[in-house]
Amino acid sequence: MDKLAKIAALILVVQALAAPAWGQEKASTAAPSDQAKAAVAAPSPQGFSIFLGGAFGAGLVIIGAGLGIGRIGAAAVESMARQPEAVTSIQAAMILSAALIEGVTFFALVACMFFNH
């Protein structure tokens, strides 16, 4: 139950960081005035928090991928030490698992970069 509470708290923190993005209105298609051009050039505090949410999400993705690949490597080395005759099949399974994790990590990083604003 403690692990579930930590996951729920993490989800709430991520949602709180992304909350300013939900309240923004769509930009109008009218020609911008000089004052509007100046406002676009200067970053707003709300825009910064949107980028902060994307950066926080990317950090979580990298941490999770690093932990996952580290556990795969540790388990593979331990199993190779116990059964040296199965090294080739263990290495193949380890490389396949690490490649799948890296693929999902790359997709999640792209999602964090493109969908944070």
# chains A, B, ... in the order shown; residues from 1 in each chain; ligands from 1
>>> residues_around(residues="stretch 94-96 of chain A", least_positions_apart="5", cutoff="9 Å", atoms="only C-alpha atoms", output="ChimeraX atom specification")
/A:69,72-73,75-76,89,101
>>> atom_distance(atom1="atom CA of A:Val77", atom2="atom CA of A:Ala92")
12.5 Å
>>> atom_distance(atom1="atom CA of A:Ala9", atom2="atom CA of A:Gly53")
15.1 Å
>>> residues_around(residues="stretch 55-58 of chain A", least_positions_apart="4", cutoff="7 Å", atoms="only C-alpha atoms", output="count of residues only")
4
>>> atom_distance(atom1="atom CA of A:Ala74", atom2="atom CA of A:Phe106")
22.3 Å
>>> closest_residue(among="A:Leu12, A:Ala65, A:Leu60, A:Leu4", to="A:Ser97", atoms="only C-alpha atoms")
A:Ala65
